[in-house]
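Undergrad: For reference, the file start-v9.csv (CSV, C-alpha atoms) is included below:
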chain,number,residue,atom,x,y,z
A,1,MET,CA,25.4,-80.5,8.1
A,2,ARG,CA,21.8,-79.5,8.4
A,3,PRO,CA,20.8,-77.7,11.6
A,4,TYR,CA,18.5,-79.4,14.0
A,5,PRO,CA,14.9,-78.1,13.8
A,6,ALA,CA,15.1,-77.2,17.5
A,7,MET,CA,18.0,-74.9,16.8
A,8,THR,CA,16.1,-73.2,14.0
A,9,ASP,CA,12.9,-72.9,16.1
A,10,ASN,CA,15.0,-71.3,19.0
A,11,ARG,CA,16.5,-68.7,16.7
A,12,LEU,CA,13.1,-67.9,15.2
A,13,ARG,CA,11.7,-67.5,18.7
A,14,GLN,CA,14.5,-65.1,19.6
A,15,TYR,CA,13.9,-63.2,16.4
A,16,ARG,CA,10.2,-62.9,17.3
A,17,GLU,CA,11.1,-61.6,20.8
A,18,SER,CA,13.6,-59.1,19.4
A,19,ALA,CA,11.1,-57.9,16.8
A,20,LEU,CA,8.5,-57.4,19.6
A,21,ALA,CA,11.0,-55.5,21.6
A,22,MET,CA,11.7,-53.1,18.7
A,23,ILE,CA,8.0,-52.6,18.2
A,24,ALA,CA,7.9,-51.5,21.9
A,25,GLY,CA,10.7,-49.0,21.2
A,26,ASP,CA,13.8,-51.0,22.4
A,27,TYR,CA,16.4,-51.1,19.7
A,28,ARG,CA,19.1,-52.6,21.8
A,29,VAL,CA,18.4,-56.1,20.6
A,30,GLU,CA,20.3,-58.8,18.7
A,31,PHE,CA,19.3,-61.5,16.3
A,32,PRO,CA,21.5,-64.5,16.8
A,33,VAL,CA,23.0,-65.8,13.6
A,34,GLY,CA,24.3,-69.1,14.6
A,35,VAL,CA,24.7,-71.4,11.6
A,36,LEU,CA,24.9,-69.4,8.4
A,37,ASP,CA,21.9,-71.0,6.8
A,38,GLU,CA,18.8,-69.2,5.5
A,39,VAL,CA,17.7,-68.4,9.0
A,40,GLY,CA,21.2,-67.2,9.9
A,41,ARG,CA,21.3,-65.0,6.8
A,42,LEU,CA,18.0,-63.5,7.9
A,43,GLY,CA,19.5,-62.8,11.3
A,44,GLU,CA,22.4,-60.9,9.6
A,45,VAL,CA,20.0,-58.7,7.8
A,46,LEU,CA,17.8,-58.2,10.8
A,47,ASN,CA,20.8,-57.2,12.9
A,48,ARG,CA,21.2,-54.2,10.6
A,49,LEU,CA,17.6,-53.2,11.1
A,50,PRO,CA,17.8,-51.5,14.6
A,51,ARG,CA,20.7,-49.3,13.5
A,52,GLN,CA,18.9,-48.3,10.3
A,53,ILE,CA,15.7,-47.5,12.2
A,54,GLU,CA,17.6,-45.5,14.8
A,55,ALA,CA,19.4,-43.6,12.0
A,56,ARG,CA,16.0,-42.8,10.4
A,57,ILE,CA,14.6,-41.7,13.7
A,58,GLU,CA,17.6,-39.5,14.3
A,59,ASP,CA,17.2,-38.0,10.8
A,60,ALA,CA,13.5,-37.3,11.4
A,61,LEU,CA,14.3,-35.7,14.8
A,62,LEU,CA,17.0,-33.6,13.2
A,63,ILE,CA,14.6,-32.4,10.5
A,64,GLU,CA,12.0,-31.6,13.1
A,65,ARG,CA,14.5,-29.8,15.3
A,66,VAL,CA,15.9,-27.8,12.4
A,67,GLY,CA,12.4,-27.0,11.2
A,68,THR,CA,11.4,-25.8,14.6
A,69,ALA,CA,14.5,-23.7,15.0
A,70,LEU,CA,14.1,-22.1,11.5
A,71,ASN,CA,10.6,-21.1,12.2
A,72,ARG,CA,11.6,-19.2,15.3
A,73,GLY,CA,13.1,-16.3,13.4
A,74,LEU,CA,12.0,-13.9,10.6
A,75,LEU,CA,15.0,-11.8,10.0
A,76,LEU,CA,17.9,-13.3,8.1
A,77,SER,CA,20.3,-13.1,11.1
A,78,GLU,CA,17.8,-14.8,13.3
A,79,VAL,CA,17.3,-17.7,10.9
A,80,LEU,CA,21.0,-18.2,10.4
A,81,ASP,CA,21.7,-18.1,14.1
A,82,ALA,CA,19.0,-20.9,14.4
A,83,ILE,CA,20.7,-22.9,11.7
A,84,TYR,CA,24.1,-22.5,13.4
A,85,ASP,CA,22.7,-23.9,16.7
A,86,ALA,CA,20.5,-26.7,15.0
A,87,PHE,CA,23.3,-28.2,12.9
A,88,LYS,CA,26.0,-28.0,15.6
A,89,PRO,CA,25.3,-31.5,17.0
A,90,VAL,CA,25.5,-33.3,13.6
A,91,ILE,CA,28.0,-31.3,11.4
A,92,PRO,CA,31.4,-30.4,12.9
A,93,TYR,CA,32.4,-26.7,12.4
A,94,ASP,CA,34.1,-23.8,14.1
A,95,ARG,CA,32.8,-21.2,11.7
A,96,MET,CA,29.7,-20.9,9.6
A,97,GLY,CA,29.0,-18.3,7.0
A,98,CYS,CA,26.3,-17.4,4.5
A,99,SER,CA,26.7,-15.6,1.2
A,100,LEU,CA,23.8,-14.6,-1.1
A,101,ILE,CA,23.8,-14.2,-4.8
A,102,GLU,CA,23.4,-10.7,-6.0
A,103,LYS,CA,24.1,-8.4,-9.0
A,104,ASN,CA,21.9,-10.4,-11.4
A,105,GLY,CA,23.5,-13.6,-10.4
A,106,THR,CA,27.1,-12.6,-11.1
A,107,ALA,CA,28.4,-12.3,-7.6
A,108,ALA,CA,28.0,-13.7,-4.1
A,109,ARG,CA,28.2,-11.4,-1.1
A,110,ALA,CA,28.9,-12.5,2.5
A,111,VAL,CA,25.9,-11.4,4.6
A,112,TRP,CA,26.4,-13.2,7.8
A,113,SER,CA,29.0,-15.3,9.8
A,114,ARG,CA,29.4,-16.8,13.2
A,115,THR,CA,32.7,-18.1,14.4
A,116,GLU,CA,34.5,-19.4,17.5
A,117,ASN,CA,37.5,-17.4,16.5
A,118,GLN,CA,38.2,-13.8,17.6
A,119,ASP,CA,40.4,-13.0,14.6
A,120,VAL,CA,38.0,-12.6,11.6
A,121,HIS,CA,39.4,-11.9,8.1
A,122,LEU,CA,36.6,-12.8,5.8
A,123,LYS,CA,34.0,-10.3,6.9
A,124,VAL,CA,30.4,-9.5,6.1
A,125,GLY,CA,30.3,-7.5,2.8
A,126,TYR,CA,33.0,-9.6,1.1
A,127,THR,CA,32.0,-10.1,-2.5
A,128,ALA,CA,33.3,-12.8,-4.9
A,129,LYS,CA,32.6,-13.1,-8.6
A,130,LEU,CA,30.8,-16.3,-9.7
A,131,ASN,CA,31.7,-16.6,-13.3
A,132,GLY,CA,34.4,-19.3,-13.8
A,133,SER,CA,34.8,-19.7,-10.0
A,134,SER,CA,34.7,-22.8,-7.9
A,135,LEU,CA,31.5,-21.6,-6.4
A,136,GLN,CA,29.9,-21.6,-9.9
A,137,ARG,CA,30.8,-25.2,-10.2
A,138,VAL,CA,29.1,-25.9,-6.9
A,139,ILE,CA,26.0,-24.3,-8.3
A,140,ASP,CA,26.2,-26.2,-11.5
A,141,THR,CA,26.5,-29.6,-9.8
A,142,GLY,CA,24.0,-28.7,-7.0
A,143,GLU,CA,26.2,-30.8,-4.7
A,144,PRO,CA,28.1,-29.7,-1.5
A,145,ARG,CA,31.8,-29.5,-2.0
A,146,ILE,CA,34.4,-30.8,0.5
A,147,ILE,CA,37.9,-29.4,0.9
A,148,ASN,CA,39.7,-31.2,3.7
A,149,ASP,CA,43.0,-29.5,3.4
A,150,LEU,CA,42.6,-25.8,2.8
A,151,GLU,CA,46.3,-25.1,3.0
A,152,ALA,CA,47.0,-27.6,0.2
A,153,TYR,CA,44.1,-26.2,-1.8
A,154,LEU,CA,45.5,-22.7,-1.4
A,155,GLN,CA,48.9,-23.9,-2.7
A,156,ALA,CA,47.1,-25.2,-5.8
A,157,HIS,CA,44.9,-22.1,-6.1
A,158,PRO,CA,47.0,-19.2,-4.8
A,159,ALA,CA,44.7,-16.6,-6.5
A,160,SER,CA,41.8,-17.7,-4.3
A,161,ASN,CA,41.4,-14.6,-2.0
A,162,SER,CA,38.6,-16.1,0.0
A,163,THR,CA,40.7,-19.2,0.8
A,164,GLN,CA,43.6,-17.0,1.9
A,165,LEU,CA,41.3,-15.2,4.3
A,166,ILE,CA,39.8,-18.4,5.7
A,167,VAL,CA,43.2,-20.0,6.2
A,168,ARG,CA,44.4,-16.8,7.9
A,169,GLU,CA,41.6,-17.4,10.4
A,170,GLY,CA,43.1,-20.8,11.2
A,171,LEU,CA,40.6,-22.9,9.4
A,172,ARG,CA,41.7,-26.0,7.6
A,173,SER,CA,38.6,-27.8,6.3
A,174,SER,CA,35.4,-26.6,4.6
A,175,LEU,CA,32.1,-27.8,3.5
A,176,THR,CA,30.4,-25.5,0.9
A,177,CYS,CA,26.7,-26.1,0.4
A,178,PRO,CA,24.6,-24.5,-2.3
A,179,LEU,CA,21.2,-23.0,-1.5
A,180,LEU,CA,18.7,-23.8,-4.2
A,181,VAL,CA,15.1,-22.7,-4.3
A,182,PHE,CA,13.0,-24.4,-7.1
A,183,GLY,CA,16.3,-25.2,-8.9
A,184,LYS,CA,17.5,-21.6,-8.7
A,185,ALA,CA,20.7,-20.8,-6.8
A,186,VAL,CA,20.2,-18.1,-4.1
A,187,GLY,CA,23.4,-18.5,-2.1
A,188,PHE,CA,25.8,-20.7,-0.1
A,189,LEU,CA,26.3,-22.0,3.4
A,190,PHE,CA,29.9,-22.5,4.4
A,191,PHE,CA,30.9,-24.8,7.3
A,192,SER,CA,34.5,-24.6,8.3
A,193,SER,CA,36.7,-26.4,10.8
A,194,ARG,CA,40.1,-25.7,12.4
A,195,ALA,CA,41.0,-29.4,11.8
A,196,THR,CA,42.0,-31.0,8.5
A,197,ASP,CA,40.2,-34.0,7.1
A,198,THR,CA,36.9,-33.1,8.9
A,199,TYR,CA,34.2,-33.6,6.4
A,200,ARG,CA,32.8,-36.9,5.0
A,201,ASP,CA,30.1,-37.9,2.5
A,202,ILE,CA,27.7,-38.4,5.4
A,203,HIS,CA,27.9,-34.6,6.0
A,204,GLN,CA,27.1,-33.9,2.4
A,205,ALA,CA,24.2,-36.3,2.5
A,206,LEU,CA,22.9,-34.9,5.7
A,207,PHE,CA,22.8,-31.4,4.3
A,208,LEU,CA,21.2,-32.5,1.1
A,209,ARG,CA,18.3,-34.1,3.1
A,210,LEU,CA,17.7,-30.7,4.7
A,211,ALA,CA,18.8,-28.5,1.8
A,212,SER,CA,15.4,-27.6,0.3
A,213,GLN,CA,13.9,-26.7,3.7
A,214,VAL,CA,17.0,-24.6,4.7
A,215,SER,CA,17.2,-22.9,1.3
A,216,ALA,CA,13.5,-22.0,1.3
A,217,VAL,CA,13.6,-20.5,4.8
A,218,ILE,CA,16.8,-18.5,4.0
A,219,GLU,CA,15.2,-17.1,0.9
A,220,ARG,CA,12.0,-16.3,2.8
A,221,SER,CA,14.0,-14.5,5.5
A,222,ARG,CA,16.0,-12.6,2.9
A,223,MET,CA,12.9,-11.3,1.3
A,224,TYR,CA,11.5,-10.4,4.7
A,225,GLN,CA,14.8,-8.7,5.6
A,226,GLN,CA,14.6,-6.6,2.4
A,227,ILE,CA,11.1,-5.5,3.3
A,228,HIS,CA,12.2,-4.8,6.9
A,229,ASP,CA,15.2,-2.8,5.7
A,230,LEU,CA,13.1,-0.8,3.2
A,231,ASN,CA,10.6,0.0,6.0
A,232,GLU,CA,13.4,1.1,8.2
A,233,GLU,CA,14.8,3.3,5.4
A,234,LEU,CA,11.4,4.7,4.8
A,235,ARG,CA,10.9,5.4,8.5
A,236,SER,CA,14.3,7.0,8.7
A,237,THR,CA,13.5,9.2,5.7
A,238,GLN,CA,10.2,10.2,7.2
A,239,ASP,CA,11.9,11.1,10.5
A,240,SER,CA,14.5,13.1,8.6
A,241,LEU,CA,11.8,14.9,6.6
A,242,ARG,CA,9.8,15.6,9.7
A,243,THR,CA,12.9,16.9,11.4
A,244,GLN,CA,13.8,19.1,8.4
A,245,ALA,CA,10.2,20.4,8.4
A,246,MET,CA,10.7,21.5,12.0
A,247,ARG,CA,14.2,23.1,11.6
A,248,ASP,CA,15.4,26.4,10.4
A,249,PRO,CA,17.7,25.6,7.4
A,250,LEU,CA,20.3,28.3,8.3
A,251,THR,CA,20.7,27.9,12.1
A,252,ASP,CA,19.3,24.4,12.6
A,253,LEU,CA,17.1,25.7,15.4
A,254,LEU,CA,13.4,25.0,15.6
A,255,ASN,CA,11.6,27.1,12.9
A,256,ARG,CA,8.8,29.5,13.6
A,257,ARG,CA,6.0,27.0,13.2
A,258,ALA,CA,7.7,24.3,15.4
A,259,ILE,CA,8.6,26.7,18.3
A,260,THR,CA,5.1,28.2,18.4
A,261,GLU,CA,3.6,24.7,18.5
A,262,ILE,CA,5.9,23.7,21.3
A,263,LEU,CA,4.9,26.8,23.2
A,264,GLY,CA,1.3,25.8,23.0
A,265,LYS,CA,2.1,22.2,24.3
A,266,GLN,CA,4.3,23.6,27.1
A,267,ILE,CA,1.5,25.9,28.2
A,268,SER,CA,-0.9,22.9,28.4
A,269,ARG,CA,1.8,21.1,30.4
A,270,ALA,CA,2.3,24.1,32.8
A,271,ARG,CA,-1.5,24.3,33.2
A,272,ARG,CA,-1.7,20.6,34.2
A,273,GLN,CA,1.3,20.9,36.6
A,274,ALA,CA,0.1,24.3,38.0
A,275,SER,CA,3.6,25.7,37.3
A,276,SER,CA,4.8,28.9,35.7
A,277,ILE,CA,6.3,29.2,32.2
A,278,ALA,CA,8.6,31.8,30.7
A,279,THR,CA,8.8,32.9,27.1
A,280,VAL,CA,11.9,34.8,26.0
A,281,MET,CA,12.1,37.0,22.9
A,282,ALA,CA,15.8,37.6,21.9
A,283,ASP,CA,17.0,40.0,19.2
A,284,ILE,CA,20.5,40.6,17.9
A,285,ASP,CA,21.4,44.3,18.5
A,286,HIS,CA,22.1,46.4,15.4
A,287,PHE,CA,22.0,43.4,13.1
A,288,LYS,CA,21.0,45.5,10.1
A,289,ARG,CA,24.3,47.4,10.5
A,290,ILE,CA,26.2,44.0,10.2
A,291,ASN,CA,24.4,43.1,7.0
A,292,ASP,CA,24.8,46.6,5.5
A,293,GLN,CA,28.6,46.8,6.3
A,294,HIS,CA,29.6,43.2,5.6
A,295,GLY,CA,26.9,41.6,3.4
A,296,HIS,CA,24.3,39.0,4.1
A,297,HIS,CA,26.6,36.0,4.0
A,298,ILE,CA,28.5,37.5,7.0
A,299,GLY,CA,25.2,38.2,8.6
A,300,ASP,CA,24.3,34.6,8.1
A,301,ALA,CA,27.6,33.5,9.8
A,302,VAL,CA,26.7,35.7,12.8
A,303,LEU,CA,23.2,34.3,13.0
A,304,LYS,CA,24.6,30.7,13.0
A,305,GLU,CA,27.1,31.5,15.7
A,306,VAL,CA,24.5,33.3,17.9
A,307,ALA,CA,22.1,30.3,17.5
A,308,LEU,CA,24.9,27.9,18.5
A,309,ARG,CA,25.6,30.0,21.7
A,310,LEU,CA,21.9,30.2,22.6
A,311,GLY,CA,21.5,26.4,22.2
A,312,LYS,CA,24.4,25.8,24.6
A,313,SER,CA,23.1,28.3,27.2
A,314,VAL,CA,19.7,26.9,27.9
A,315,ARG,CA,18.8,24.0,30.2
A,316,GLN,CA,18.1,20.5,29.1
A,317,GLY,CA,14.4,20.5,28.3
A,318,ASP,CA,14.2,24.1,27.2
A,319,PHE,CA,13.4,25.0,23.6
A,320,VAL,CA,15.1,27.5,21.3
A,321,GLY,CA,13.6,28.6,17.9
A,322,ARG,CA,14.2,31.2,15.3
A,323,LEU,CA,11.1,33.3,14.5
A,324,GLY,CA,12.7,35.0,11.5
A,325,GLY,CA,15.5,37.4,10.7
A,326,GLU,CA,17.6,38.1,13.8
A,327,GLU,CA,14.8,37.2,16.3
A,328,PHE,CA,14.6,34.1,18.5
A,329,LEU,CA,12.0,32.6,20.7
A,330,ILE,CA,12.9,30.5,23.8
A,331,VAL,CA,10.5,28.6,25.9
A,332,LEU,CA,11.4,27.8,29.5
A,333,LEU,CA,9.5,25.3,31.7
A,334,PRO,CA,9.5,25.6,34.7
A,335,GLY,CA,10.0,29.3,34.3
A,336,THR,CA,10.0,31.2,37.6
A,337,GLN,CA,11.4,34.7,37.7
A,338,VAL,CA,14.6,33.5,39.3
A,339,GLU,CA,15.1,30.7,36.7
A,340,ALA,CA,14.1,32.8,33.8
A,341,SER,CA,16.5,35.6,34.9
A,342,VAL,CA,19.4,33.2,35.3
A,343,VAL,CA,18.9,31.5,31.9
A,344,ALA,CA,18.3,34.9,30.1
A,345,GLU,CA,21.4,36.5,31.5
A,346,ARG,CA,23.4,33.3,30.6
A,347,MET,CA,22.2,33.7,27.0
A,348,ARG,CA,23.0,37.4,26.9
A,349,ASN,CA,26.5,36.8,28.3
A,350,ALA,CA,27.2,33.8,26.0
A,351,VAL,CA,26.5,36.0,22.9
A,352,GLY,CA,28.2,39.2,24.1
A,353,GLU,CA,31.2,38.0,26.0
A,354,ALA,CA,33.3,37.1,22.9
A,355,PRO,CA,33.2,38.5,19.4
A,356,VAL,CA,32.1,36.3,16.5
A,357,HIS,CA,34.9,35.2,14.2
A,358,THR,CA,34.2,35.7,10.5
A,359,GLU,CA,36.1,35.9,7.3
A,360,VAL,CA,36.1,39.7,7.6
A,361,GLY,CA,37.4,39.7,11.1
A,362,HIS,CA,36.0,39.8,14.6
A,363,ILE,CA,32.5,41.2,15.0
A,364,GLU,CA,31.2,42.4,18.4
A,365,VAL,CA,27.6,41.2,18.9
A,366,THR,CA,25.2,41.8,21.8
A,367,LEU,CA,21.7,40.6,22.5
A,368,SER,CA,18.6,42.1,24.0
A,369,LEU,CA,16.0,39.9,25.6
A,370,GLY,CA,12.4,40.3,26.8
A,371,VAL,CA,11.0,37.7,29.2
A,372,ALA,CA,7.3,37.1,29.9
A,373,ILE,CA,6.3,34.9,32.8
A,374,ALA,CA,2.9,33.5,33.4
A,375,SER,CA,1.3,31.0,35.8
A,376,GLN,CA,-2.4,31.6,34.9
A,377,PHE,CA,-3.4,30.8,31.3
A,378,GLY,CA,-6.5,31.9,29.3
A,379,SER,CA,-7.7,30.6,26.0
A,380,ALA,CA,-5.1,32.5,24.0
A,381,ALA,CA,-2.2,32.1,26.4
A,382,ASP,CA,0.4,31.5,23.6
A,383,THR,CA,-0.4,34.8,21.9
A,384,VAL,CA,-0.5,36.6,25.2
A,385,LEU,CA,2.9,35.3,26.2
A,386,ILE,CA,4.5,36.1,22.8
A,387,ASN,CA,3.1,39.6,22.8
A,388,ALA,CA,4.2,40.2,26.4
A,389,ALA,CA,7.7,38.9,25.7
A,390,ASP,CA,7.8,41.2,22.6
A,391,SER,CA,6.8,44.2,24.7
A,392,ALA,CA,9.6,43.3,27.2
A,393,LEU,CA,12.0,43.1,24.3
A,394,TYR,CA,10.9,46.5,23.1
A,395,ARG,CA,11.6,47.9,26.5
A,396,ALA,CA,15.1,46.3,26.5
A,397,LYS,CA,15.8,47.9,23.1
A,398,ASN,CA,14.6,51.3,24.2
A,399,GLY,CA,16.5,51.0,27.5
A,400,GLY,CA,19.9,50.8,25.7
A,401,ARG,CA,20.0,47.2,24.4
A,402,ASN,CA,22.3,44.4,25.6
A,403,GLN,CA,20.0,43.8,28.6
A,404,VAL,CA,17.2,41.6,30.0
A,405,VAL,CA,13.7,42.9,30.8
A,406,ILE,CA,11.2,40.7,32.7
A,407,ILE,CA,7.5,41.3,32.9
A,408,HIS,CA,4.7,39.2,34.4
A,409,CYS,CA,1.5,38.4,32.6
A,410,ALA,CA,-1.7,38.8,34.6
Could you take the file, read its structure, and then write that structure out as structure tokens?
TA:
Amino acid sequence: MRPYPAMTDNRLRQYRESALAMIAGDYRVEFPVGVLDEVGRLGEVLNRLPRQIEARIEDALLIERVGTALNRGLLLSEVLDAIYDAFKPVIPYDRMGCSLIEKNGTAARAVWSRTENQDVHLKVGYTAKLNGSSLQRVIDTGEPRIINDLEAYLQAHPASNSTQLIVREGLRSSLTCPLLVFGKAVGFLFFSSRATDTYRDIHQALFLRLASQVSAVIERSRMYQQIHDLNEELRSTQDSLRTQAMRDPLTDLLNRRAITEILGKQISRARRQASSIATVMADIDHFKRINDQHGHHIGDAVLKEVALRLGKSVRQGDFVGRLGGEEFLIVLLPGTQVEASVVAERMRNAVGEAPVHTEVGHIEVTLSLGVAIASQFGSAADTVLINAADSALYRAKNGGRNQVVIIHCA
């Protein structure tokens, strides 16, 4: 039976109204099929259109959202955190991990993971060989791999250590996605779920639509991370070299150059603050006798122990350096007579109150100290203070040693 023209005209009018609604952005429309004639068949096709358009819009929004998230970070961990958050609404997972291909393409090393679980077994640093592995097959096909029953997979592949670790974490499904940049494999993203039978072809297809963008950003961030790490290593090396250049290799105290430079800076600070500063010269009594009787290696042991005791005796913010031989320079700021006397006596007692334990037995050690205090500073204040402290030390030596002598600079 042929439809009445009025019925056909009515459906076409409704189709036109629904199409106009879609143009206006309303996809909650229907195209009435009615009789399954040519117009009805057109209605069937048109009814699929709103869902298709909405799906395409969702894909476009996802791509935009992922792209925006990826561009927020530079370091690898920042980018992967962004991926974790961006994919969460569209791919189900309780754990996500990333491994990058290293060692000339022969192994993949886990560099990042994020999980809802507290008990982590497959940790960052885990390395798996690629040759002959299931991961190599993922690279060869360029397609994501779905395993929807990891326990069954482990029974069939009991030698798979990575699967053992993931199953131990309570995960039961996985989606393994290759990261390819210009056709070259650079690593993998692993999505894992605690539930079995989690992943579908739609999840594979979704990742493939974003794969090139995600892979390129991860590779870029890896290169940036390597540059960042190299810069940090270089900075650390420079700091270490700078520290070594300032330290006496035997005692680990500030060396002569460093302690005299600090003295100059502290004098400038005292001048600005209108405060006094104290410079202490300390010398181990009869040190030559220790070297002559026991040898220089025992003398070195004594020097290291004395340096350790001096460092523990000063206040936070004071500076201790070795000028050379058995002589030390200490800078105290603020350095009033009372403060300098207390610190100097504490240093003298710390060195002399207990013998130094060495491989040849206990050695009694005492310390003489000369303290110079100044609150007015001329153009060569550092030299004046050192010479004055040296004069005070000379008096302490001549006065019987194992004592503190304090003088004031004009």
Undergrad: Contacts of A:Arg220 at 10 Å or less, counting only C-alpha atoms, minus same-chain residues fewer than 4 places along, as a ChimeraX atom specification?
TA: /A:74-76,79,214-216,224-225
Undergrad: With distances taken over only C-alpha atoms, which of A:Leu12, A:Ile166, A:Leu393, A:Ala108 is nearest to A:Met96?
TA: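 Smallest separation from A:Met96 among the options: A:Ile166.
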Undergrad: For stretch 324-336 of chain A, please output as a list in words all residues within 7 Å (counting only C-alpha atoms; exclusion window: fewer than 2 positions along the same chain).
TA: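 In the requested form, the answer reads Leu263, Ser275, Ser276, Ile277, Ala278, Thr279, Val280, Met281, Ala282, Asp283, Ile284, Phe287, Leu303, Asp318, Phe319, Val320, Gly321, Arg322, Val338, Glu339, Ala340 and Ile373 of chain A.
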Undergrad: Could the residues in this selection be saved with C-alpha atoms as an mmCIF file, keeping the file's coordinate frame?
TA:
data_model
loop_
_atom_site.group_PDB
_atom_site.id
_atom_site.type_symbol
_atom_site.label_atom_id
_atom_site.label_comp_id
_atom_site.auth_asym_id
_atom_site.auth_seq_id
_atom_site.Cartn_x
_atom_site.Cartn_y
_atom_site.Cartn_z
ATOM 1 C CA LEU A 263 4.900 26.800 23.200
ATOM 2 C CA SER A 275 3.600 25.700 37.300
ATOM 3 C CA SER A 276 4.800 28.900 35.700
ATOM 4 C CA ILE A 277 6.300 29.200 32.200
ATOM 5 C CA ALA A 278 8.600 31.800 30.700
ATOM 6 C CA THR A 279 8.800 32.900 27.100
ATOM 7 C CA VAL A 280 11.900 34.800 26.000
ATOM 8 C CA MET A 281 12.100 37.000 22.900
ATOM 9 C CA ALA A 282 15.800 37.600 21.900
ATOM 10 C CA ASP A 283 17.000 40.000 19.200
ATOM 11 C CA ILE A 284 20.500 40.600 17.900
ATOM 12 C CA PHE A 287 22.000 43.400 13.100
ATOM 13 C CA LEU A 303 23.200 34.300 13.000
ATOM 14 C CA ASP A 318 14.200 24.100 27.200
ATOM 15 C CA PHE A 319 13.400 25.000 23.600
ATOM 16 C CA VAL A 320 15.100 27.500 21.300
ATOM 17 C CA GLY A 321 13.600 28.600 17.900
ATOM 18 C CA ARG A 322 14.200 31.200 15.300
ATOM 19 C CA VAL A 338 14.600 33.500 39.300
ATOM 20 C CA GLU A 339 15.100 30.700 36.700
ATOM 21 C CA ALA A 340 14.100 32.800 33.800
ATOM 22 C CA ILE A 373 6.300 34.900 32.800
#
Undergrad: Quick one: residues within 9 Å of A:Ser391, only C-alpha atoms counted, chain neighbours fewer than 2 positions away excluded, as a count of residues only?
TA: 12
Undergrad: Do you know which residues are at most 12 Å from A:Tyr93 counting all atoms listed in the file, after dropping those on the same chain fewer than 6 positions away, and could you put them as a ChimeraX atom specification?
TA: /A:84-85,87,114-117,171-176,189-199,203
Undergrad: Mind giving me the straight-line distance from atom CA of A:Val360 to atom CA of A:Ile298 in Å, one decimal?
TA: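 Taking atom CA of A:Val360 as the start and atom CA of A:Ile298 as the end point, the length is 7.9 Å.
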Undergrad: How many Å lie between atom CA of A:Met246 and atom CA of A:Val405, rounded to one decimal?
TA: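 The value is 28.6 Å.
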Undergrad: Find the residues around A:Leu179 up to 7 Å (all atoms listed in the file counted), leave out those fewer than 3 positions away in its own chain, and share them as a PDB file with C-alpha atoms, keeping the file's coordinate frame.
TA:
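Resulting contents of selection01.pdb:
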ATOM      1  CA  ALA A 185      20.700 -20.800  -6.800  1.00  0.00           C
ATOM      2  CA  VAL A 186      20.200 -18.100  -4.100  1.00  0.00           C
ATOM      3  CA  GLY A 187      23.400 -18.500  -2.100  1.00  0.00           C
ATOM      4  CA  PHE A 188      25.800 -20.700  -0.100  1.00  0.00           C
ATOM      5  CA  ALA A 211      18.800 -28.500   1.800  1.00  0.00           C
ATOM      6  CA  SER A 215      17.200 -22.900   1.300  1.00  0.00           C
TER       7      SER A 215
END
Undergrad: I need the residue nearest A:Gln293 from this list: A:Leu100, A:Ala374, A:Ile363, A:Ala380. Use only C-alpha atoms for the distance.
TA: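 When distances to A:Gln293 are compared using only C-alpha atoms, the smallest one comes from A:Ile363.
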Undergrad: Could the residues of stretch 270-317 of chain A that have an atom at most 10 Å from stretch 253-261 of chain A be listed as a Markdown table, each with its closest atom pair and the distance in Å to one decimal, counting only C-alpha atoms and ordered by chain and ascending residue number?
TA:
| residue | atom | partner | partner_atom | distance |
| --- | --- | --- | --- | --- |
| A:Lys304 | CA | A:Leu253 | CA | 9.3 |
| A:Ala307 | CA | A:Leu253 | CA | 7.1 |
| A:Leu308 | CA | A:Leu253 | CA | 8.7 |
| A:Leu310 | CA | A:Leu253 | CA | 9.8 |
| A:Gly311 | CA | A:Leu253 | CA | 8.1 |
Undergrad: So how many Å separate atom CA of A:Gln118 and atom CA of A:Ala82, to one decimal?
TA: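 Between these atoms lies a distance of 20.7 Å.
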